[in-house]
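Data from entry.txt: compact mmCIF, N, CA and C atoms
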# COMPACT_ATOMS: atom_id res chain seq x y z
N MET A 1 99.32 64.22 123.18
CA MET A 1 100.67 64.58 122.79
C MET A 1 100.98 63.88 121.46
N ASP A 2 101.45 64.66 120.49
CA ASP A 2 101.70 64.04 119.19
C ASP A 2 103.05 63.32 119.16
N ALA A 3 103.24 62.51 118.15
CA ALA A 3 104.42 61.66 118.05
C ALA A 3 105.71 62.48 117.97
N HIS A 4 105.66 63.62 117.29
CA HIS A 4 106.86 64.46 117.16
C HIS A 4 107.36 64.91 118.53
N ILE A 5 106.46 65.40 119.36
CA ILE A 5 106.83 65.89 120.69
C ILE A 5 107.42 64.74 121.51
N LYS A 6 106.75 63.59 121.48
CA LYS A 6 107.23 62.45 122.25
C LYS A 6 108.61 62.01 121.76
N LYS A 7 108.81 61.98 120.45
CA LYS A 7 110.09 61.55 119.89
C LYS A 7 111.22 62.51 120.27
N VAL A 8 110.94 63.81 120.24
CA VAL A 8 111.97 64.81 120.50
C VAL A 8 112.27 64.97 121.99
N TYR A 9 111.24 64.86 122.84
CA TYR A 9 111.42 65.23 124.25
C TYR A 9 111.40 64.07 125.24
N VAL A 10 111.12 62.86 124.81
CA VAL A 10 111.07 61.73 125.76
C VAL A 10 112.03 60.66 125.28
N PRO A 11 113.08 60.33 126.05
CA PRO A 11 113.49 60.94 127.31
C PRO A 11 114.08 62.32 127.07
N MET A 12 114.09 63.13 128.12
CA MET A 12 114.56 64.51 128.02
C MET A 12 116.05 64.63 128.32
N THR A 13 116.62 65.69 127.78
CA THR A 13 117.98 66.06 128.17
C THR A 13 117.90 66.73 129.55
N GLU A 14 119.00 66.80 130.23
CA GLU A 14 119.01 67.52 131.52
C GLU A 14 118.63 68.98 131.32
N THR A 15 119.11 69.57 130.24
CA THR A 15 118.78 70.97 129.96
C THR A 15 117.28 71.14 129.84
N GLY A 16 116.65 70.33 129.01
CA GLY A 16 115.20 70.42 128.83
C GLY A 16 114.44 70.18 130.12
N PHE A 17 114.87 69.19 130.86
CA PHE A 17 114.22 68.86 132.13
C PHE A 17 114.27 70.05 133.09
N TYR A 18 115.45 70.62 133.27
CA TYR A 18 115.58 71.73 134.21
C TYR A 18 114.85 72.99 133.75
N ILE A 19 114.82 73.23 132.45
CA ILE A 19 114.08 74.39 131.95
C ILE A 19 112.60 74.25 132.29
N LEU A 20 112.01 73.10 131.98
CA LEU A 20 110.59 72.91 132.28
C LEU A 20 110.34 72.95 133.78
N LEU A 21 111.21 72.33 134.54
CA LEU A 21 111.05 72.32 136.00
C LEU A 21 111.08 73.75 136.54
N CYS A 22 112.02 74.54 136.07
CA CYS A 22 112.14 75.92 136.54
C CYS A 22 110.98 76.79 136.08
N LEU A 23 110.40 76.48 134.94
CA LEU A 23 109.32 77.31 134.42
C LEU A 23 107.94 76.94 134.98
N LYS A 24 107.92 76.09 135.99
CA LYS A 24 106.67 75.89 136.72
C LYS A 24 106.29 77.21 137.39
N GLU A 25 107.30 78.06 137.59
CA GLU A 25 107.10 79.44 138.03
C GLU A 25 107.66 80.33 136.92
N GLU A 26 106.98 81.40 136.60
CA GLU A 26 107.44 82.28 135.52
C GLU A 26 108.89 82.71 135.78
N ASN A 27 109.67 82.73 134.70
CA ASN A 27 111.08 83.08 134.83
C ASN A 27 111.62 83.48 133.46
N HIS A 28 112.83 84.04 133.45
CA HIS A 28 113.53 84.40 132.22
C HIS A 28 114.78 83.54 132.12
N GLY A 29 115.43 83.59 130.94
CA GLY A 29 116.58 82.73 130.68
C GLY A 29 117.67 82.81 131.73
N TYR A 30 118.11 84.02 132.07
CA TYR A 30 119.18 84.15 133.05
C TYR A 30 118.73 83.64 134.42
N GLY A 31 117.46 83.88 134.76
CA GLY A 31 116.92 83.38 136.03
C GLY A 31 116.94 81.86 136.09
N ILE A 32 116.66 81.22 134.94
CA ILE A 32 116.69 79.75 134.87
C ILE A 32 118.12 79.27 135.08
N VAL A 33 119.08 79.91 134.41
CA VAL A 33 120.49 79.54 134.56
C VAL A 33 120.90 79.60 136.03
N GLN A 34 120.53 80.67 136.71
CA GLN A 34 120.87 80.84 138.12
C GLN A 34 120.19 79.79 138.99
N ARG A 35 118.92 79.53 138.71
CA ARG A 35 118.15 78.56 139.51
C ARG A 35 118.73 77.15 139.36
N VAL A 36 119.07 76.76 138.13
CA VAL A 36 119.65 75.43 137.90
C VAL A 36 121.00 75.30 138.60
N LYS A 37 121.79 76.34 138.52
CA LYS A 37 123.10 76.33 139.19
C LYS A 37 122.91 76.13 140.69
N GLU A 38 121.93 76.84 141.25
CA GLU A 38 121.62 76.74 142.68
C GLU A 38 121.09 75.34 143.04
N MET A 39 120.15 74.83 142.23
CA MET A 39 119.54 73.52 142.50
C MET A 39 120.55 72.38 142.46
N THR A 40 121.54 72.51 141.57
CA THR A 40 122.49 71.41 141.37
C THR A 40 123.81 71.65 142.07
N GLY A 41 123.88 72.65 142.94
CA GLY A 41 125.12 72.94 143.65
C GLY A 41 126.25 73.30 142.71
N GLY A 42 125.92 73.88 141.56
CA GLY A 42 126.92 74.29 140.59
C GLY A 42 127.37 73.19 139.66
N ASP A 43 126.82 71.97 139.81
CA ASP A 43 127.21 70.87 138.93
C ASP A 43 126.74 71.08 137.49
N ILE A 44 125.61 71.75 137.32
CA ILE A 44 125.11 72.02 135.98
C ILE A 44 124.99 73.53 135.80
N VAL A 45 125.71 74.02 134.81
CA VAL A 45 125.65 75.44 134.45
C VAL A 45 125.26 75.50 132.98
N LEU A 46 124.07 76.01 132.72
CA LEU A 46 123.57 76.08 131.35
C LEU A 46 124.24 77.23 130.61
N ALA A 47 124.82 76.92 129.47
CA ALA A 47 125.44 77.95 128.65
C ALA A 47 124.36 78.77 127.96
N PRO A 48 124.60 80.07 127.76
CA PRO A 48 123.58 80.93 127.15
C PRO A 48 123.08 80.41 125.79
N GLY A 49 123.97 79.97 124.94
CA GLY A 49 123.56 79.46 123.62
C GLY A 49 122.63 78.27 123.74
N THR A 50 122.96 77.36 124.63
CA THR A 50 122.13 76.18 124.87
C THR A 50 120.78 76.60 125.44
N MET A 51 120.81 77.50 126.42
CA MET A 51 119.60 77.96 127.09
C MET A 51 118.64 78.62 126.10
N TYR A 52 119.13 79.60 125.37
CA TYR A 52 118.24 80.37 124.50
C TYR A 52 117.80 79.56 123.29
N GLY A 53 118.65 78.66 122.81
CA GLY A 53 118.24 77.76 121.73
C GLY A 53 117.13 76.83 122.20
N SER A 54 117.26 76.31 123.41
CA SER A 54 116.24 75.42 123.98
C SER A 54 114.93 76.16 124.23
N LEU A 55 115.01 77.37 124.76
CA LEU A 55 113.80 78.16 125.00
C LEU A 55 113.06 78.41 123.70
N SER A 56 113.79 78.76 122.67
CA SER A 56 113.19 79.03 121.36
C SER A 56 112.49 77.79 120.81
N LYS A 57 113.17 76.66 120.86
CA LYS A 57 112.61 75.40 120.35
C LYS A 57 111.40 74.97 121.17
N MET A 58 111.50 75.07 122.49
CA MET A 58 110.38 74.66 123.35
C MET A 58 109.17 75.58 123.15
N GLU A 59 109.42 76.85 122.91
CA GLU A 59 108.30 77.77 122.65
C GLU A 59 107.64 77.41 121.32
N LYS A 60 108.44 77.15 120.30
CA LYS A 60 107.92 76.78 118.99
C LYS A 60 107.12 75.48 119.07
N ASP A 61 107.57 74.55 119.89
CA ASP A 61 106.90 73.25 120.04
C ASP A 61 105.72 73.29 121.01
N GLY A 62 105.51 74.42 121.68
CA GLY A 62 104.35 74.58 122.55
C GLY A 62 104.52 74.08 123.98
N LEU A 63 105.77 73.81 124.40
CA LEU A 63 106.00 73.35 125.77
C LEU A 63 106.07 74.50 126.77
N ILE A 64 106.48 75.66 126.27
CA ILE A 64 106.52 76.86 127.11
C ILE A 64 105.86 77.98 126.31
N ARG A 65 105.52 79.04 127.04
CA ARG A 65 104.94 80.20 126.34
C ARG A 65 105.56 81.48 126.87
N PHE A 66 105.66 82.45 125.97
CA PHE A 66 106.11 83.79 126.33
C PHE A 66 104.98 84.44 127.11
N VAL A 67 105.30 85.03 128.26
CA VAL A 67 104.28 85.66 129.11
C VAL A 67 104.31 87.18 128.95
N ARG A 68 105.51 87.75 129.09
CA ARG A 68 105.66 89.20 128.99
C ARG A 68 107.15 89.54 128.97
N GLU A 69 107.43 90.81 128.75
CA GLU A 69 108.81 91.27 128.80
C GLU A 69 108.96 92.22 129.97
N GLU A 70 110.03 92.03 130.73
CA GLU A 70 110.35 92.90 131.86
C GLU A 70 111.80 93.31 131.74
N GLU A 71 112.04 94.61 131.65
CA GLU A 71 113.41 95.13 131.57
C GLU A 71 114.24 94.40 130.51
N LYS A 72 113.67 94.26 129.32
CA LYS A 72 114.31 93.60 128.17
C LYS A 72 114.53 92.10 128.36
N ARG A 73 113.90 91.50 129.35
CA ARG A 73 113.99 90.05 129.57
C ARG A 73 112.65 89.42 129.25
N LYS A 74 112.70 88.35 128.46
CA LYS A 74 111.47 87.63 128.13
C LYS A 74 111.14 86.66 129.27
N ILE A 75 109.93 86.77 129.77
CA ILE A 75 109.46 85.90 130.84
C ILE A 75 108.63 84.79 130.22
N TYR A 76 108.91 83.55 130.62
CA TYR A 76 108.23 82.37 130.09
C TYR A 76 107.57 81.60 131.22
N SER A 77 106.63 80.74 130.84
CA SER A 77 106.05 79.77 131.77
C SER A 77 105.77 78.48 131.01
N VAL A 78 105.66 77.39 131.75
CA VAL A 78 105.38 76.09 131.15
C VAL A 78 103.90 76.03 130.75
N THR A 79 103.62 75.35 129.65
CA THR A 79 102.24 75.17 129.18
C THR A 79 101.72 73.82 129.68
N PRO A 80 100.43 73.55 129.51
CA PRO A 80 99.93 72.21 129.88
C PRO A 80 100.66 71.08 129.14
N LEU A 81 101.02 71.29 127.88
CA LEU A 81 101.79 70.27 127.16
C LEU A 81 103.16 70.09 127.80
N GLY A 82 103.80 71.19 128.18
CA GLY A 82 105.10 71.10 128.86
C GLY A 82 104.99 70.38 130.18
N GLU A 83 103.91 70.63 130.92
CA GLU A 83 103.66 69.92 132.20
C GLU A 83 103.52 68.42 131.94
N GLU A 84 102.82 68.07 130.87
CA GLU A 84 102.62 66.66 130.54
C GLU A 84 103.95 65.98 130.23
N VAL A 85 104.79 66.64 129.42
CA VAL A 85 106.10 66.09 129.09
C VAL A 85 106.96 65.98 130.35
N LEU A 86 106.94 67.00 131.19
CA LEU A 86 107.71 66.98 132.44
C LEU A 86 107.25 65.85 133.35
N ASN A 87 105.95 65.64 133.46
CA ASN A 87 105.43 64.55 134.31
C ASN A 87 105.85 63.18 133.79
N ILE A 88 105.85 63.00 132.47
CA ILE A 88 106.31 61.73 131.89
C ILE A 88 107.77 61.50 132.26
N GLU A 89 108.58 62.55 132.15
CA GLU A 89 110.01 62.42 132.46
C GLU A 89 110.23 62.17 133.95
N MET A 90 109.48 62.83 134.81
CA MET A 90 109.64 62.61 136.25
C MET A 90 109.28 61.17 136.61
N LYS A 91 108.24 60.63 136.00
CA LYS A 91 107.87 59.22 136.25
C LYS A 91 108.98 58.29 135.77
N ARG A 92 109.59 58.62 134.62
CA ARG A 92 110.68 57.80 134.09
C ARG A 92 111.87 57.83 135.05
N ILE A 93 112.20 59.00 135.57
CA ILE A 93 113.33 59.13 136.50
C ILE A 93 113.02 58.39 137.81
N GLU A 94 111.80 58.51 138.30
CA GLU A 94 111.41 57.79 139.51
C GLU A 94 111.54 56.28 139.31
N ARG A 95 111.13 55.78 138.13
CA ARG A 95 111.25 54.35 137.84
C ARG A 95 112.72 53.93 137.81
N LEU A 96 113.57 54.75 137.18
CA LEU A 96 115.00 54.45 137.15
C LEU A 96 115.57 54.37 138.56
N TYR A 97 115.21 55.33 139.40
CA TYR A 97 115.69 55.38 140.77
C TYR A 97 115.20 54.16 141.55
N ARG A 98 113.93 53.84 141.42
CA ARG A 98 113.35 52.68 142.12
C ARG A 98 114.04 51.38 141.68
N ASN A 99 114.26 51.23 140.38
CA ASN A 99 114.93 50.02 139.89
C ASN A 99 116.36 49.94 140.38
N MET A 100 117.04 51.07 140.44
CA MET A 100 118.42 51.09 140.94
C MET A 100 118.45 50.64 142.39
N LYS A 101 117.52 51.12 143.19
CA LYS A 101 117.47 50.76 144.61
C LYS A 101 117.17 49.27 144.80
N GLU A 102 116.36 48.72 143.93
CA GLU A 102 116.00 47.30 144.03
C GLU A 102 117.20 46.40 143.74
N VAL A 103 118.11 46.86 142.90
CA VAL A 103 119.26 46.04 142.50
C VAL A 103 120.37 46.11 143.55
N GLN A 104 120.44 47.18 144.31
CA GLN A 104 121.54 47.32 145.28
C GLN A 104 121.41 46.36 146.42

Structure rendered as structure tokens:
Amino acid sequence: MDAHIKKVYVPMTETGFYILLCLKEENHGYGIVQRVKEMTGGDIVLAPGTMYGSLSKMEKDGLIRFVREEEKRKIYSVTPLGEEVLNIEMKRIERLYRNMKEVQ
């Protein structure tokens, strides 16, 4: 992983984290918005501008890839680089959670 990717994506925003998490299975932008809303009980609702801007940037940076188009919807999936970034972030979140529990 090059320094640019690490600098931009570690630590991740919630938006970036949920996009990569959702794209472990192929999906499109609106599907990701719905999945995140469902996963978070409606606490996080990704705005279309934020979603599509993030998808575009992540595709350009090689974290996700365009798979195909279905009914005018672009379907994406996470790349090996995206998986690597997601795993780094999940380990960071696990460490934060573990440290929080130790202090309580």

Spatial neighbours of Met1 of chain A, max dist 9 Å, only C-alpha atoms, sep filter under 2 positions, as a ChimeraX atom specification: /A:3-6,81,84-85

Every residue of chain A that DSSP places in alpha helix (DSSP H), as a PyMOL selection string: chain A and resi 3-9+14-22+29-39+48-61+80-103

Length of the atom CA of Ile32 of chain A to atom C of Tyr18 of chain A vector [Å]: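 Going from atom CA of Ile32 of chain A over to atom C of Tyr18 of chain A, I get 7.1 Å.
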
Selection: 7 Å around His28 of chain A, only C-alpha atoms, excl. self and same-chain fewer than 2 positions, as JSON, numbers by chain: {"A": [30, 31, 32, 73, 74, 75, 76]}

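Considering only C-alpha atoms, the residue among A:Val45, A:Val78, A:Leu96, A:Leu63 positioned nearest to Val8 of chain A is A:Leu63.
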
Atomic separation - atom CA of Arg68 of chain A relative to atom CA of Pro11 of chain A, Å: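 Value for the atom CA of Pro11 of chain A-atom CA of Arg68 of chain A distance: 29.4 Å.
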
Residue neighbourhood Cys22 of chain A, 12 Å, only C-alpha atoms, exclusion window fewer than 6 positions, as a PyMOL selection string: chain A and resi 14-16+28-39+55+64+75-78+82-83+86

All strand (DSSP E) positions in segment 65-104 of chain A, as an MDAnalysis selection string: chainID A and resid 65:70 73:78

d(atom CA of Thr79 of chain A, atom N of Arg65 of chain A) in Å: 5.5 Å

Add whatever atoms are absent from segment 37-48 of chain A to reach all heavy atoms, and provide the output as a PDB file, in the frame of the given file.
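Okay, out-v8.pdb is ready:
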ATOM      1  N   LYS A  37     121.790  76.340 138.520  1.00  0.00           N
ATOM      2  CA  LYS A  37     123.100  76.330 139.190  1.00  0.00           C
ATOM      3  C   LYS A  37     122.910  76.130 140.690  1.00  0.00           C
ATOM      4  O   LYS A  37     123.606  75.340 141.328  1.00  0.00           O
ATOM      5  CB  LYS A  37     123.822  77.646 138.894  1.00  0.00           C
ATOM      6  CG  LYS A  37     125.246  77.691 139.325  1.00  0.00           C
ATOM      7  CD  LYS A  37     125.882  79.000 138.865  1.00  0.00           C
ATOM      8  CE  LYS A  37     127.313  79.099 139.319  1.00  0.00           C
ATOM      9  NZ  LYS A  37     127.913  80.384 138.897  1.00  0.00           N
ATOM     10  N   GLU A  38     121.930  76.840 141.250  1.00  0.00           N
ATOM     11  CA  GLU A  38     121.620  76.740 142.680  1.00  0.00           C
ATOM     12  C   GLU A  38     121.090  75.340 143.040  1.00  0.00           C
ATOM     13  O   GLU A  38     121.535  74.729 144.008  1.00  0.00           O
ATOM     14  CB  GLU A  38     120.570  77.805 143.017  1.00  0.00           C
ATOM     15  CG  GLU A  38     120.028  77.765 144.420  1.00  0.00           C
ATOM     16  CD  GLU A  38     118.869  78.759 144.563  1.00  0.00           C
ATOM     17  OE1 GLU A  38     119.057  79.940 144.213  1.00  0.00           O
ATOM     18  OE2 GLU A  38     117.790  78.334 145.012  1.00  0.00           O
ATOM     19  N   MET A  39     120.150  74.830 142.230  1.00  0.00           N
ATOM     20  CA  MET A  39     119.540  73.520 142.500  1.00  0.00           C
ATOM     21  C   MET A  39     120.550  72.380 142.460  1.00  0.00           C
ATOM     22  O   MET A  39     120.416  71.410 143.196  1.00  0.00           O
ATOM     23  CB  MET A  39     118.431  73.215 141.480  1.00  0.00           C
ATOM     24  CG  MET A  39     117.198  74.071 141.615  1.00  0.00           C
ATOM     25  SD  MET A  39     116.087  73.869 140.193  1.00  0.00           S
ATOM     26  CE  MET A  39     115.425  72.251 140.530  1.00  0.00           C
ATOM     27  N   THR A  40     121.540  72.510 141.570  1.00  0.00           N
ATOM     28  CA  THR A  40     122.490  71.410 141.370  1.00  0.00           C
ATOM     29  C   THR A  40     123.810  71.650 142.070  1.00  0.00           C
ATOM     30  O   THR A  40     124.778  70.911 141.843  1.00  0.00           O
ATOM     31  CB  THR A  40     122.757  71.201 139.859  1.00  0.00           C
ATOM     32  OG1 THR A  40     123.384  72.365 139.315  1.00  0.00           O
ATOM     33  CG2 THR A  40     121.473  70.888 139.105  1.00  0.00           C
ATOM     34  N   GLY A  41     123.880  72.650 142.940  1.00  0.00           N
ATOM     35  CA  GLY A  41     125.120  72.940 143.650  1.00  0.00           C
ATOM     36  C   GLY A  41     126.250  73.300 142.710  1.00  0.00           C
ATOM     37  O   GLY A  41     127.416  73.040 143.002  1.00  0.00           O
ATOM     38  N   GLY A  42     125.920  73.880 141.560  1.00  0.00           N
ATOM     39  CA  GLY A  42     126.920  74.290 140.590  1.00  0.00           C
ATOM     40  C   GLY A  42     127.370  73.190 139.660  1.00  0.00           C
ATOM     41  O   GLY A  42     128.220  73.424 138.795  1.00  0.00           O
ATOM     42  N   ASP A  43     126.820  71.970 139.810  1.00  0.00           N
ATOM     43  CA  ASP A  43     127.210  70.870 138.930  1.00  0.00           C
ATOM     44  C   ASP A  43     126.740  71.080 137.490  1.00  0.00           C
ATOM     45  O   ASP A  43     127.381  70.602 136.558  1.00  0.00           O
ATOM     46  CB  ASP A  43     126.669  69.534 139.449  1.00  0.00           C
ATOM     47  CG  ASP A  43     127.397  69.059 140.697  1.00  0.00           C
ATOM     48  OD1 ASP A  43     128.499  69.571 140.989  1.00  0.00           O
ATOM     49  OD2 ASP A  43     126.859  68.170 141.392  1.00  0.00           O
ATOM     50  N   ILE A  44     125.610  71.750 137.320  1.00  0.00           N
ATOM     51  CA  ILE A  44     125.110  72.020 135.980  1.00  0.00           C
ATOM     52  C   ILE A  44     124.990  73.530 135.800  1.00  0.00           C
ATOM     53  O   ILE A  44     124.304  74.202 136.558  1.00  0.00           O
ATOM     54  CB  ILE A  44     123.735  71.350 135.740  1.00  0.00           C
ATOM     55  CG1 ILE A  44     123.872  69.838 135.843  1.00  0.00           C
ATOM     56  CG2 ILE A  44     123.160  71.764 134.385  1.00  0.00           C
ATOM     57  CD1 ILE A  44     122.572  69.089 135.757  1.00  0.00           C
ATOM     58  N   VAL A  45     125.710  74.020 134.810  1.00  0.00           N
ATOM     59  CA  VAL A  45     125.650  75.440 134.450  1.00  0.00           C
ATOM     60  C   VAL A  45     125.260  75.500 132.980  1.00  0.00           C
ATOM     61  O   VAL A  45     126.005  75.055 132.114  1.00  0.00           O
ATOM     62  CB  VAL A  45     127.011  76.141 134.685  1.00  0.00           C
ATOM     63  CG1 VAL A  45     126.925  77.604 134.292  1.00  0.00           C
ATOM     64  CG2 VAL A  45     127.449  75.996 136.137  1.00  0.00           C
ATOM     65  N   LEU A  46     124.070  76.010 132.720  1.00  0.00           N
ATOM     66  CA  LEU A  46     123.570  76.080 131.350  1.00  0.00           C
ATOM     67  C   LEU A  46     124.240  77.230 130.610  1.00  0.00           C
ATOM     68  O   LEU A  46     124.215  78.364 131.073  1.00  0.00           O
ATOM     69  CB  LEU A  46     122.048  76.268 131.353  1.00  0.00           C
ATOM     70  CG  LEU A  46     121.243  75.179 132.071  1.00  0.00           C
ATOM     71  CD1 LEU A  46     119.757  75.521 132.036  1.00  0.00           C
ATOM     72  CD2 LEU A  46     121.490  73.824 131.441  1.00  0.00           C
ATOM     73  N   ALA A  47     124.820  76.920 129.470  1.00  0.00           N
ATOM     74  CA  ALA A  47     125.440  77.950 128.650  1.00  0.00           C
ATOM     75  C   ALA A  47     124.360  78.770 127.960  1.00  0.00           C
ATOM     76  O   ALA A  47     123.298  78.242 127.599  1.00  0.00           O
ATOM     77  CB  ALA A  47     126.349  77.298 127.602  1.00  0.00           C
ATOM     78  N   PRO A  48     124.600  80.070 127.760  1.00  0.00           N
ATOM     79  CA  PRO A  48     123.580  80.930 127.150  1.00  0.00           C
ATOM     80  C   PRO A  48     123.080  80.410 125.790  1.00  0.00           C
ATOM     81  O   PRO A  48     121.877  80.416 125.535  1.00  0.00           O
ATOM     82  CB  PRO A  48     124.293  82.277 127.002  1.00  0.00           C
ATOM     83  CG  PRO A  48     125.325  82.273 128.069  1.00  0.00           C
ATOM     84  CD  PRO A  48     125.771  80.840 128.193  1.00  0.00           C
TER      85      PRO A  48
END
